[in-house]
Amino acid sequence: MTIDTGKRTIALQVQKQFFAVLTGLLFAAAYFPAPREFLDTYLYSHYLVSFALLGLYILYQFFFWFRDIMYVYVSDESLMGMLRIRHFRILPMSNAKHAIEMPIEEFLRYDVTRAWHGLRLYVQVWQQSGQEIYRYPRFSITLLKKKEREALFNLLDHYCQRNNPQA
């Protein structure tokens, strides 16, 4: 089974870039003579309108940080016998990309945690290699749809029960 949020991630990135360009154009347009006179005469000050536009843009960007939305790719099919998880944050100036690859028979367990009153949902996986137990950093699954979350939990439960029959 493969879960990939690539198309939604690209759509979000395009939407963010479009909103940035639109904000920039509207901000600049507020300082041209005709729109400036119109705003000053019939609406609010052009300064207030331009700062409101910037405020909306900052709030829009803050939403992605607040929800901690990440690209997520989970597959047990791409490499036979391996569980592959890739994830990275969808934030400006965030280049860190993370990957977890482990043999399926070494998958020990996973934990699901909620943060910020349920607005963020994280998964953390554990691997047992011999006597060593490794805990990987958690990753956000906020971008996953409900069906994808259920499929992910079913997949991880399947490997948990298969590798740990007593659990």
# chains A, B, ... in the order shown; residues from 1 in each chain; ligands from 1
>>> select_by_dssp(residues="range 80-146 of chain A", states="helix (DSSP H, G or I)", output="number ranges by chain")
A: 104-106, 146
>>> residues_around(residues="Phe64 in chain A", least_positions_apart="4", cutoff="12 Å", atoms="only C-alpha atoms", output="PDB file with C-alpha atoms, in the first residue's frame")
ATOM      1  CA  THR A   9       1.346  19.350  -1.461  1.00  0.00           C
ATOM      2  CA  LEU A  12      -0.898  23.946  -1.604  1.00  0.00           C
ATOM      3  CA  GLN A  13       2.453  25.298  -2.802  1.00  0.00           C
ATOM      4  CA  LYS A  16       0.559  29.841  -1.520  1.00  0.00           C
ATOM      5  CA  TYR A  57      -0.896  37.210   4.091  1.00  0.00           C
ATOM      6  CA  ILE A  58       0.971  36.734   7.369  1.00  0.00           C
ATOM      7  CA  LEU A  59      -2.072  35.022   8.925  1.00  0.00           C
ATOM      8  CA  TYR A  60      -2.340  32.762   5.890  1.00  0.00           C
ATOM      9  CA  ASP A  68       2.244  21.802  11.037  1.00  0.00           C
ATOM     10  CA  ILE A  69       1.225  20.474   7.639  1.00  0.00           C
ATOM     11  CA  MET A  70       3.716  18.035   6.095  1.00  0.00           C
ATOM     12  CA  TYR A  71       4.156  16.134   2.871  1.00  0.00           C
ATOM     13  CA  ARG A  89       7.251  20.454   6.335  1.00  0.00           C
ATOM     14  CA  ILE A  90       5.411  22.706   3.892  1.00  0.00           C
ATOM     15  CA  LEU A  91       6.861  25.971   5.140  1.00  0.00           C
ATOM     16  CA  PRO A  92       8.828  28.752   3.480  1.00  0.00           C
ATOM     17  CA  LEU A 119      -5.233  20.422  15.588  1.00  0.00           C
ATOM     18  CA  ARG A 120      -1.990  18.531  15.026  1.00  0.00           C
ATOM     19  CA  SER A 140       2.653  15.128  11.193  1.00  0.00           C
ATOM     20  CA  THR A 142      -2.496  16.449   9.505  1.00  0.00           C
ATOM     21  CA  LEU A 143      -2.636  16.642   5.688  1.00  0.00           C
TER      22      LEU A 143
END
>>> closest_residue(among="A:Leu43, A:Leu53, A:Ile100, A:Cys160", to="Gly24 in chain A", atoms="only C-alpha atoms")
A:Leu53
>>> atom_distance(atom1="CA of Asn95 in chain A", atom2="CA of Phe63 in chain A")
18.7 Å
>>> closest_residue(among="A:Met93, A:Leu108, A:Ala20, A:Leu83", to="Leu152 in chain A", atoms="only C-alpha atoms")
A:Leu83
>>> closest_residue(among="A:Phe62, A:Ala99, A:Asp111, A:Phe27", to="Leu48 in chain A", atoms="only C-alpha atoms")
A:Phe27
>>> select_by_dssp(residues="chain A", states="strand (DSSP E)", output="CSV table (one decimal) with N, CA and C atoms, in the first residue's frame")
chain,number,residue,atom,x,y,z
A,2,THR,N,0.5,2.2,-0.7
A,2,THR,CA,1.2,3.5,-0.8
A,2,THR,C,0.3,4.7,-0.5
A,3,ILE,N,0.8,5.6,0.4
A,3,ILE,CA,0.1,6.8,0.7
A,3,ILE,C,1.0,7.9,0.3
A,4,ASP,N,0.5,8.8,-0.6
A,4,ASP,CA,1.4,9.9,-1.1
A,4,ASP,C,0.5,11.2,-1.2
A,70,MET,N,2.5,18.7,6.7
A,70,MET,CA,3.7,18.0,6.1
A,70,MET,C,3.3,17.2,4.9
A,71,TYR,N,4.3,17.1,3.9
A,71,TYR,CA,4.2,16.1,2.9
A,71,TYR,C,4.5,14.8,3.5
A,72,VAL,N,3.7,13.8,3.2
A,72,VAL,CA,3.9,12.4,3.7
A,72,VAL,C,3.8,11.4,2.6
A,73,TYR,N,4.8,10.5,2.6
A,73,TYR,CA,4.8,9.4,1.7
A,73,TYR,C,5.1,8.1,2.5
A,74,VAL,N,4.2,7.1,2.5
A,74,VAL,CA,4.4,5.9,3.2
A,74,VAL,C,4.1,4.8,2.2
A,75,SER,N,5.1,3.8,2.2
A,75,SER,CA,4.9,2.7,1.2
A,75,SER,C,5.6,1.5,1.8
A,82,MET,N,10.6,-3.7,2.8
A,82,MET,CA,11.0,-2.5,3.5
A,82,MET,C,9.8,-1.6,3.7
A,83,LEU,N,9.8,-0.9,4.8
A,83,LEU,CA,8.8,0.1,5.1
A,83,LEU,C,9.5,1.5,4.9
A,84,ARG,N,8.9,2.3,4.0
A,84,ARG,CA,9.5,3.5,3.6
A,84,ARG,C,8.6,4.7,4.0
A,85,ILE,N,9.1,5.6,4.7
A,85,ILE,CA,8.3,6.8,5.1
A,85,ILE,C,9.2,8.0,4.8
A,86,ARG,N,8.6,9.0,4.1
A,86,ARG,CA,9.3,10.2,3.8
A,86,ARG,C,8.3,11.4,4.2
A,87,HIS,N,8.9,12.4,4.7
A,87,HIS,CA,8.1,13.6,5.1
A,87,HIS,C,8.9,14.8,5.2
A,88,PHE,N,8.3,16.0,5.0
A,88,PHE,CA,8.9,17.3,5.2
A,88,PHE,C,7.8,18.3,5.4
A,89,ARG,N,8.2,19.4,6.0
A,89,ARG,CA,7.3,20.5,6.3
A,89,ARG,C,7.0,21.3,5.1
A,97,LYS,N,14.3,17.5,4.6
A,97,LYS,CA,13.5,16.4,4.2
A,97,LYS,C,14.0,15.2,4.9
A,98,HIS,N,13.1,14.4,5.4
A,98,HIS,CA,13.4,13.3,6.3
A,98,HIS,C,12.9,12.0,5.6
A,99,ALA,N,13.6,10.9,5.9
A,99,ALA,CA,13.2,9.6,5.4
A,99,ALA,C,13.5,8.5,6.4
A,100,ILE,N,12.6,7.6,6.5
A,100,ILE,CA,12.7,6.4,7.4
A,100,ILE,C,12.6,5.2,6.5
A,101,GLU,N,13.6,4.3,6.5
A,101,GLU,CA,13.5,3.1,5.8
A,101,GLU,C,14.0,2.0,6.7
A,102,MET,N,13.1,1.0,6.9
A,102,MET,CA,13.5,-0.1,7.8
A,102,MET,C,12.9,-1.4,7.2
A,103,PRO,N,13.6,-2.5,7.5
A,103,PRO,CA,13.0,-3.8,7.1
A,103,PRO,C,11.7,-4.0,7.9
A,107,PHE,N,10.1,-3.6,12.3
A,107,PHE,CA,9.1,-2.6,12.8
A,107,PHE,C,8.6,-3.1,14.1
A,108,LEU,N,8.7,-2.3,15.1
A,108,LEU,CA,8.3,-2.7,16.5
A,108,LEU,C,6.9,-2.2,16.8
A,109,ARG,N,6.7,-0.8,16.8
A,109,ARG,CA,5.4,-0.3,17.1
A,109,ARG,C,5.4,1.2,16.6
A,110,TYR,N,4.2,1.8,16.8
A,110,TYR,CA,4.1,3.2,16.5
A,110,TYR,C,3.2,3.9,17.5
A,111,ASP,N,3.3,5.1,17.7
A,111,ASP,CA,2.5,5.9,18.6
A,111,ASP,C,1.9,7.1,17.9
A,112,VAL,N,0.6,7.3,18.2
A,112,VAL,CA,-0.1,8.5,17.7
A,112,VAL,C,-0.3,9.5,18.8
A,113,THR,N,0.1,10.7,18.6
A,113,THR,CA,-0.1,11.8,19.6
A,113,THR,C,-0.8,12.9,18.9
A,114,ARG,N,-1.7,13.6,19.7
A,114,ARG,CA,-2.4,14.8,19.3
A,114,ARG,C,-1.7,16.0,20.1
A,115,ALA,N,-1.7,17.1,19.4
A,115,ALA,CA,-1.1,18.3,20.0
A,115,ALA,C,-2.0,19.5,19.7
A,120,ARG,N,-3.1,19.2,15.6
A,120,ARG,CA,-2.0,18.5,15.0
A,120,ARG,C,-2.0,17.1,15.4
A,121,LEU,N,-1.7,16.2,14.5
A,121,LEU,CA,-1.7,14.8,14.7
A,121,LEU,C,-0.4,14.2,14.2
A,122,TYR,N,0.3,13.5,15.2
A,122,TYR,CA,1.7,13.0,14.9
A,122,TYR,C,1.7,11.5,15.0
A,123,VAL,N,2.6,10.9,14.2
A,123,VAL,CA,2.9,9.5,14.3
A,123,VAL,C,4.4,9.4,14.6
A,124,GLN,N,4.8,8.5,15.5
A,124,GLN,CA,6.2,8.2,15.8
A,124,GLN,C,6.4,6.7,15.6
A,125,VAL,N,7.4,6.2,14.9
A,125,VAL,CA,7.6,4.8,14.7
A,125,VAL,C,8.9,4.3,15.5
A,126,TRP,N,8.8,3.1,15.9
A,126,TRP,CA,9.9,2.4,16.6
A,126,TRP,C,10.4,1.2,15.8
A,127,GLN,N,11.7,1.0,15.9
A,127,GLN,CA,12.4,-0.1,15.2
A,127,GLN,C,13.2,-0.9,16.2
A,128,GLN,N,13.1,-2.2,16.1
A,128,GLN,CA,14.0,-3.0,16.9
A,128,GLN,C,14.9,-3.8,16.0
A,129,SER,N,16.2,-3.5,16.2
A,129,SER,CA,17.2,-4.2,15.4
A,129,SER,C,18.1,-5.0,16.4
A,132,GLU,N,18.7,-3.6,20.1
A,132,GLU,CA,18.6,-2.2,20.0
A,132,GLU,C,17.2,-1.7,19.6
A,133,ILE,N,16.7,-0.7,20.3
A,133,ILE,CA,15.4,-0.1,19.9
A,133,ILE,C,15.7,1.3,19.5
A,134,TYR,N,15.2,1.7,18.3
A,134,TYR,CA,15.4,3.0,17.8
A,134,TYR,C,14.0,3.7,17.7
A,135,ARG,N,14.0,4.9,18.1
A,135,ARG,CA,12.7,5.7,18.0
A,135,ARG,C,13.0,6.9,17.1
A,139,PHE,N,6.3,12.6,12.9
A,139,PHE,CA,5.9,13.3,11.7
A,139,PHE,C,4.4,13.6,11.8
A,140,SER,N,4.0,14.7,11.2
A,140,SER,CA,2.7,15.1,11.2
A,140,SER,C,1.9,14.4,10.1
>>> atom_distance(atom1="CA of Asp76 in chain A", atom2="CA of Gly118 in chain A")
27.8 Å
>>> closest_residue(among="A:Ala96, A:Leu144, A:Leu156, A:Ala151", to="Arg8 in chain A", atoms="only C-alpha atoms")
A:Leu144
